[in-house]
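Visitor: My questions all concern the structure below.
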Number of protein chains: 2
Amino acid sequence: MTYCVAMRVDEGIVFLSDTRTNAGVDHVSAARKMTVFEHPGERVLVMLVAGNLALTQGVMQLLAEPASDRKTTLYNAPSMADAARVVGDAVREVHRRDAASLAEFDIDFNCSFILGGQIRGSAPRLFMVYAAGNFVEASTVSPYFQIGESKYGKPIIDRVVTPSTPLDEVAKCALVSMDSTLRSNLSVGLPLDLLVYEKDALRVTRFSTLDHDNQYFEMIHRTWGERLRQIFGEIPNPTWADPNNVPLHARDAASSVPHAPNGDPLAVQDTYASPFQTLMQPESGRSQQ
Amino acid sequence: MTYCVAMRVDEGIVFLSDTRTNAGVDHVSAARKMTVFEHPGERVLVMLVAGNLALTQGVMQLLAEPASDRKTTLYNAPSMADAARVVGDAVREVHRRDAASLAEFDIDFNCSFILGGQIRGSAPRLFMVYAAGNFVEASTVSPYFQIGESKYGKPIIDRVVTPSTPLDEVAKCALVSMDSTLRSNLSVGLPLDLLVYEKDALRVTRFSTLDHDNQYFEMIHRTWGERLRQIFGEIPNPTWADPNNVPLHARDAASSVPHAPNGDPLAVQDTYASPFQTLMQPESGRSQQ
């Protein structure tokens, strides 16, 4: 299903995408989901895609090779917001062309896009474009977008990234986020494309394709899990204290005790009315209520 | 949307559920998702539910108060698999009763169930029952089930839990898993119900409802994030090395350089044929390819 993430911070924008594509578990392949439009010194635009591969490739083809009568393209759009509209227009054109035919096969028009980058004279900006062709923009209160299989990798980003986080830490976070996703979902796979755009560089200075033999990603993959297990072990286990030391079922004597249809006495614990108070506390020995 | 998880290990089974329910963002409430059937010394059955609340409550009502002509119930099922079939039958009965009416409102028959526990004379067992009434069972290679908003909390379980993990660590893991989910999704909320079933106890010995003021969960909530940020900071950042120290765009001279429709020379980096090799390595100074 893909996992792509882009995070905009003060120092620039980090883009990361995987390359797995599938049409079912017995039809798995690889496809690039990142495309870079670079006019060194003038603009860098990066697109990440997720969803139906034929649709996303169709959109990218229109963007990379626009019709000669098209006035505004990604190559000349005056602003990043104009560029986002160009992407939206391309999505709508593919929709006009393909949506009805796909519907005859019960296939949804499923595609989503991330567009980020910088045009000379403006700040770096980051957008997410929907299948309907409209879009939203990232801000300091919401500095990242994810598309595809996004949930596994979201918690670490929420915990770690702020607008002032340095770019290399943001890249590291993107890789940890991807690693968690790779472990949990077969539809996301190596190699990965990582592009770290430095604000005001107006050219690509840091790009890498990371595969199984990339030592840095292998270090992330191995080390993050080891450290997680380590800190997990260091956090105190819960302890349980029953101050009255009374077996649980006896506590129900005061409340009505339902009986089974055959008359057997039993205790159905509908925990909404749970009468017992079992304490939990860290292994400090302190009892608390 | 709910998040419930149950994990079966050698020492017993851990059950954890939240209590948030909603019918849209302006209609949020609380409802128990755990029900315990206990006949001390003979059986402990725990059910967790997710999905449409009216459907899941309908199923639980049939299970808690079975019709008098029903031969096999959760109170007398000879085995846990029989108990799972009882649950499946109840789901199918609610389906017969309600599915068509719901469909007229375009509401899916969306519900899922976890059933776990132990009947005297057998080992603890764990099942997941689907909306169609059929079910699967957990095993040592697949020792846990999640229902509801499961993705955020899955990575930590995959990294940490094995069949030999002690029960209190499994409980801790369930709470960390729930904490990640709470942070990432508004449809999951406190308080939580936690039941730790000890193998062969045949009674409930450890149950707690954890709310904002529970010191243990508050410690998990605060500490896990702090430790994550700490180990994240301790992992080396990537460093970038360009051995030829050549500006990126100049590398493209050898390959065909597309031109914009207006003739401007530019470099469209379709990264499928990306020519440049930018190295990444841990901050050890070692260069590698």
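Letters A, B, ... mark the chains of the structure tokens in the order given; residue numbers begin at 1 per chain; ligand numbers begin at 1, in order shown.
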Can you pull out every residue within 12 Å of Thr73 (chain A), counting only C-alpha atoms, but drop anything in the same chain fewer than 6 positions away, and send it as a list in words?
Guide: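 Neighbouring residues, sequence-local ones excluded: Phe37, Leu45, Met60, Leu62, Leu63, Ala64, Glu65, Pro66, Ala67, Ser79, Met80, Ala81, Asp82, Ala83, Ala84, Arg85, Val86, Val87, Gly88, Asp89 and Ala90 of chain A; Ala260, Pro261 and Asn262 of chain B.
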Visitor: With C-alpha atoms retained, could you export that selection as a PDB file, in the first residue's frame?
Guide:
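Output saved as again34.pdb:
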```
ATOM      1  CA  PHE A  37      11.621  18.449 -10.209  1.00  0.00           C
ATOM      2  CA  LEU A  45       9.758  20.381  -6.067  1.00  0.00           C
ATOM      3  CA  MET A  60       2.997  12.096 -12.719  1.00  0.00           C
ATOM      4  CA  LEU A  62       0.939  14.714 -16.984  1.00  0.00           C
ATOM      5  CA  LEU A  63       3.077  16.729 -14.577  1.00  0.00           C
ATOM      6  CA  ALA A  64       6.419  15.706 -16.060  1.00  0.00           C
ATOM      7  CA  GLU A  65       5.366  16.113 -19.695  1.00  0.00           C
ATOM      8  CA  PRO A  66       2.643  18.725 -19.736  1.00  0.00           C
ATOM      9  CA  ALA A  67       0.612  19.346 -22.883  1.00  0.00           C
ATOM     10  CA  SER A  79       4.343  29.874  -6.233  1.00  0.00           C
ATOM     11  CA  MET A  80       4.132  26.561  -4.420  1.00  0.00           C
ATOM     12  CA  ALA A  81       0.383  27.056  -4.026  1.00  0.00           C
ATOM     13  CA  ASP A  82       0.113  27.465  -7.788  1.00  0.00           C
ATOM     14  CA  ALA A  83       2.145  24.290  -8.120  1.00  0.00           C
ATOM     15  CA  ALA A  84      -0.321  22.518  -5.826  1.00  0.00           C
ATOM     16  CA  ARG A  85      -3.135  23.649  -8.097  1.00  0.00           C
ATOM     17  CA  VAL A  86      -1.257  22.286 -11.096  1.00  0.00           C
ATOM     18  CA  VAL A  87      -1.079  18.927  -9.331  1.00  0.00           C
ATOM     19  CA  GLY A  88      -4.778  19.136  -8.485  1.00  0.00           C
ATOM     20  CA  ASP A  89      -5.617  19.882 -12.116  1.00  0.00           C
ATOM     21  CA  ALA A  90      -3.610  16.861 -13.246  1.00  0.00           C
TER      22      ALA A  90
ATOM     23  CA  ALA B 260      10.758  22.628 -20.217  1.00  0.00           C
ATOM     24  CA  PRO B 261       8.225  23.435 -22.928  1.00  0.00           C
ATOM     25  CA  ASN B 262       9.585  26.951 -23.106  1.00  0.00           C
TER      26      ASN B 262
END
```
Visitor: Quick check for you: according to DSSP on this backbone, which residues of region 124-235 of chain B are classed as strand (DSSP E or B)? Reply as a PDB file with C-alpha atoms, in the first residue's frame.
Guide:
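Output file states-v5.pdb is given in full below:
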```
ATOM      1  CA  ARG B 125      -7.200 -20.052  25.083  1.00  0.00           C
ATOM      2  CA  LEU B 126      -7.779 -16.880  23.054  1.00  0.00           C
ATOM      3  CA  PHE B 127     -10.086 -16.280  20.077  1.00  0.00           C
ATOM      4  CA  MET B 128     -11.164 -13.471  17.778  1.00  0.00           C
ATOM      5  CA  VAL B 129     -14.746 -13.647  16.477  1.00  0.00           C
ATOM      6  CA  PHE B 135     -13.475 -17.107  14.485  1.00  0.00           C
ATOM      7  CA  VAL B 136      -9.755 -17.715  14.672  1.00  0.00           C
ATOM      8  CA  GLU B 137      -7.612 -18.820  17.601  1.00  0.00           C
ATOM      9  CA  SER B 139      -1.217 -19.575  19.007  1.00  0.00           C
ATOM     10  CA  SER B 142       0.479 -15.393  16.762  1.00  0.00           C
ATOM     11  CA  TYR B 144      -2.281 -11.726  20.448  1.00  0.00           C
ATOM     12  CA  PHE B 145      -5.348 -10.127  18.937  1.00  0.00           C
ATOM     13  CA  GLN B 146      -6.242  -6.467  18.524  1.00  0.00           C
ATOM     14  CA  ILE B 147      -9.588  -5.019  17.539  1.00  0.00           C
ATOM     15  CA  GLY B 148     -10.579  -1.459  16.784  1.00  0.00           C
ATOM     16  CA  LEU B 192      -9.148   1.699  30.647  1.00  0.00           C
ATOM     17  CA  ASP B 193     -10.081  -1.747  31.895  1.00  0.00           C
ATOM     18  CA  LEU B 194      -7.141  -4.058  32.515  1.00  0.00           C
ATOM     19  CA  LEU B 195      -7.570  -7.707  33.469  1.00  0.00           C
ATOM     20  CA  VAL B 196      -4.553  -9.946  33.928  1.00  0.00           C
ATOM     21  CA  TYR B 197      -5.606 -13.576  34.041  1.00  0.00           C
ATOM     22  CA  GLU B 198      -3.168 -15.955  35.697  1.00  0.00           C
ATOM     23  CA  ARG B 206      -5.939  -8.899  38.918  1.00  0.00           C
ATOM     24  CA  PHE B 207      -8.314  -6.307  37.557  1.00  0.00           C
ATOM     25  CA  SER B 208      -8.105  -2.554  37.529  1.00  0.00           C
ATOM     26  CA  THR B 209      -9.848   0.395  35.948  1.00  0.00           C
ATOM     27  CA  LEU B 210      -7.243   3.009  35.120  1.00  0.00           C
TER      28      LEU B 210
END
```
Visitor: If we count only C-alpha atoms, what is near Val94 (chain B) at a cut-off of 8 Å, once residues fewer than 5 positions away on the same chain are taken out, given as a ChimeraX atom specification?
Guide: /B:55,58-59,99
Visitor: Kindly export the residues of the current selection with N, CA, C and O atoms, as a PDB file, in the first residue's frame.
Guide:
```
ATOM      1  N   LEU B  55     -24.687  -2.899  18.194  1.00  0.00           N
ATOM      2  CA  LEU B  55     -24.517  -4.300  17.791  1.00  0.00           C
ATOM      3  C   LEU B  55     -23.763  -5.079  18.860  1.00  0.00           C
ATOM      4  O   LEU B  55     -24.172  -6.182  19.246  1.00  0.00           O
ATOM      5  N   GLY B  58     -25.851  -5.621  21.820  1.00  0.00           N
ATOM      6  CA  GLY B  58     -26.871  -6.634  21.526  1.00  0.00           C
ATOM      7  C   GLY B  58     -26.330  -8.037  21.665  1.00  0.00           C
ATOM      8  O   GLY B  58     -26.974  -8.933  22.236  1.00  0.00           O
ATOM      9  N   VAL B  59     -25.123  -8.246  21.165  1.00  0.00           N
ATOM     10  CA  VAL B  59     -24.496  -9.564  21.277  1.00  0.00           C
ATOM     11  C   VAL B  59     -24.225  -9.897  22.746  1.00  0.00           C
ATOM     12  O   VAL B  59     -24.516 -11.012  23.205  1.00  0.00           O
ATOM     13  N   ALA B  99     -29.372  -6.622  10.745  1.00  0.00           N
ATOM     14  CA  ALA B  99     -28.530  -6.193   9.627  1.00  0.00           C
ATOM     15  C   ALA B  99     -29.328  -5.486   8.535  1.00  0.00           C
ATOM     16  O   ALA B  99     -28.888  -4.460   7.995  1.00  0.00           O
TER      17      ALA B  99
END
```
Visitor: Working over all C-alpha atoms in order, superimpose chain B onto chain A by least squares and state the RMSD in Å.
Guide: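 Between these identical-sequence chains, the C-alpha RMSD is 0.1 Å.
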Visitor: Taking into account only C-alpha atoms, which residue in the set B:Arg229, B:Lys71, B:Arg20, B:Arg8 is nearest to chain A?
Guide: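 Using only C-alpha atoms, the shortest distance to chain A belongs to B:Arg229.
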Visitor: Running DSSP on the backbone, which parts of region 7-230 of chain A land in helix (DSSP H, G or I), as a ChimeraX atom specification?
Guide: /A:53-64,80-103,154-160,167-184,215-230
Visitor: Would you write out those residues with C-alpha atoms, as a tab-separated table (two decimals), in the first residue's frame?
Guide:
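selection28.tsv written:
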```tsv
chain	number	residue	atom	x	y	z
A	53	LEU	CA	-0.19	2.92	-9.10
A	54	ALA	CA	-1.68	3.38	-12.57
A	55	LEU	CA	-3.50	6.48	-11.37
A	56	THR	CA	-0.51	8.01	-9.62
A	57	GLN	CA	1.76	7.29	-12.56
A	58	GLY	CA	-0.81	8.82	-14.88
A	59	VAL	CA	-0.79	12.00	-12.82
A	60	MET	CA	3.00	12.10	-12.72
A	61	GLN	CA	3.17	11.68	-16.49
A	62	LEU	CA	0.94	14.71	-16.98
A	63	LEU	CA	3.08	16.73	-14.58
A	64	ALA	CA	6.42	15.71	-16.06
A	80	MET	CA	4.13	26.56	-4.42
A	81	ALA	CA	0.38	27.06	-4.03
A	82	ASP	CA	0.11	27.46	-7.79
A	83	ALA	CA	2.14	24.29	-8.12
A	84	ALA	CA	-0.32	22.52	-5.83
A	85	ARG	CA	-3.14	23.65	-8.10
A	86	VAL	CA	-1.26	22.29	-11.10
A	87	VAL	CA	-1.08	18.93	-9.33
A	88	GLY	CA	-4.78	19.14	-8.49
A	89	ASP	CA	-5.62	19.88	-12.12
A	90	ALA	CA	-3.61	16.86	-13.25
A	91	VAL	CA	-5.44	14.64	-10.77
A	92	ARG	CA	-8.77	15.91	-12.07
A	93	GLU	CA	-7.71	15.31	-15.65
A	94	VAL	CA	-6.83	11.71	-14.87
A	95	HIS	CA	-10.15	11.39	-13.06
A	96	ARG	CA	-12.03	12.60	-16.15
A	97	ARG	CA	-10.09	10.14	-18.23
A	98	ASP	CA	-10.11	7.04	-16.02
A	99	ALA	CA	-12.59	7.12	-13.14
A	100	ALA	CA	-15.61	5.79	-15.02
A	101	SER	CA	-13.69	2.90	-16.54
A	102	LEU	CA	-12.26	1.92	-13.18
A	103	ALA	CA	-15.71	2.07	-11.61
A	154	LYS	CA	2.72	8.11	13.40
A	155	PRO	CA	3.37	7.81	17.16
A	156	ILE	CA	7.13	8.37	16.97
A	157	ILE	CA	6.69	11.48	14.82
A	158	ASP	CA	4.14	12.92	17.25
A	159	ARG	CA	6.50	12.35	20.16
A	160	VAL	CA	9.72	13.64	18.63
A	167	LEU	CA	17.05	18.27	9.71
A	168	ASP	CA	19.23	15.24	10.38
A	169	GLU	CA	17.14	14.31	13.40
A	170	VAL	CA	14.00	14.68	11.32
A	171	ALA	CA	15.53	12.33	8.74
A	172	LYS	CA	16.36	9.88	11.50
A	173	CYS	CA	12.79	10.12	12.77
A	174	ALA	CA	11.42	9.47	9.30
A	175	LEU	CA	13.53	6.31	9.09
A	176	VAL	CA	12.40	5.08	12.52
A	177	SER	CA	8.82	5.77	11.48
A	178	MET	CA	9.38	3.81	8.28
A	179	ASP	CA	11.07	0.98	10.18
A	180	SER	CA	8.05	0.53	12.44
A	181	THR	CA	5.83	0.45	9.37
A	182	LEU	CA	8.01	-2.06	7.54
A	183	ARG	CA	7.88	-4.43	10.51
A	184	SER	CA	4.12	-4.28	10.76
A	215	GLN	CA	24.58	0.44	6.97
A	216	TYR	CA	22.80	3.44	8.40
A	217	PHE	CA	19.32	2.03	7.92
A	218	GLU	CA	20.47	-1.38	9.11
A	219	MET	CA	21.75	0.34	12.26
A	220	ILE	CA	18.39	2.05	12.78
A	221	HIS	CA	16.56	-1.22	12.18
A	222	ARG	CA	18.64	-3.16	14.69
A	223	THR	CA	19.32	-0.48	17.26
A	224	TRP	CA	15.86	1.03	17.61
A	225	GLY	CA	14.34	-2.32	18.51
A	226	GLU	CA	17.13	-3.12	20.96
A	227	ARG	CA	16.83	0.24	22.69
A	228	LEU	CA	13.03	-0.01	22.83
A	229	ARG	CA	13.26	-3.36	24.54
A	230	GLN	CA	15.88	-1.96	26.89
```
Visitor: Find the distance between CA of Val44 (chain A) and CA of Arg32 (chain A) and write it in Å to one decimal.
Guide: 18.0 Å
Visitor: In Å, rounded to a single decimal, give me how far CA of Val49 (chain B) is from CA of Ala77 (chain B).
Guide: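 Separating CA of Ala77 (chain B) from CA of Val49 (chain B) is a distance of 20.0 Å.
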Visitor: Could you jot down the CA of Glu104 (chain A) to CA of Asn22 (chain A) separation for me, Å, one decimal place?
Guide: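 Atom-to-atom, CA of Glu104 (chain A) and CA of Asn22 (chain A) are spaced 20.7 Å apart.
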Visitor: When distances are computed from only C-alpha atoms, which of B:Lys33, B:His39, B:Arg70, B:His212 shows the smallest separation from chain A?
Guide: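 Going through B:Lys33, B:His39, B:Arg70, B:His212 one by one, the smallest distance to chain A is for B:His39.
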Visitor: Can you pull out the residues contacting Glu42 (chain A)? Cut-off 9 Å, using only C-alpha atoms, and skip same-chain residues under 3 positions away; I want them as a PDB file with C-alpha atoms, in the first residue's frame.
Guide:
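Below is the file out18.pdb, written as the result:
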```
ATOM      1  CA  GLU A  38      14.788  20.488  -9.868  1.00  0.00           C
ATOM      2  CA  HIS A  39      15.865  23.663 -11.597  1.00  0.00           C
ATOM      3  CA  GLN A 118      10.802  25.758  -2.539  1.00  0.00           C
ATOM      4  CA  ILE A 119      10.696  28.334  -5.313  1.00  0.00           C
ATOM      5  CA  ARG A 120      13.235  31.142  -5.264  1.00  0.00           C
ATOM      6  CA  GLY A 121      11.881  34.174  -3.482  1.00  0.00           C
ATOM      7  CA  LEU A 202      17.279  25.620  -4.181  1.00  0.00           C
ATOM      8  CA  ARG A 203      18.965  22.415  -5.267  1.00  0.00           C
TER       9      ARG A 203
END
```
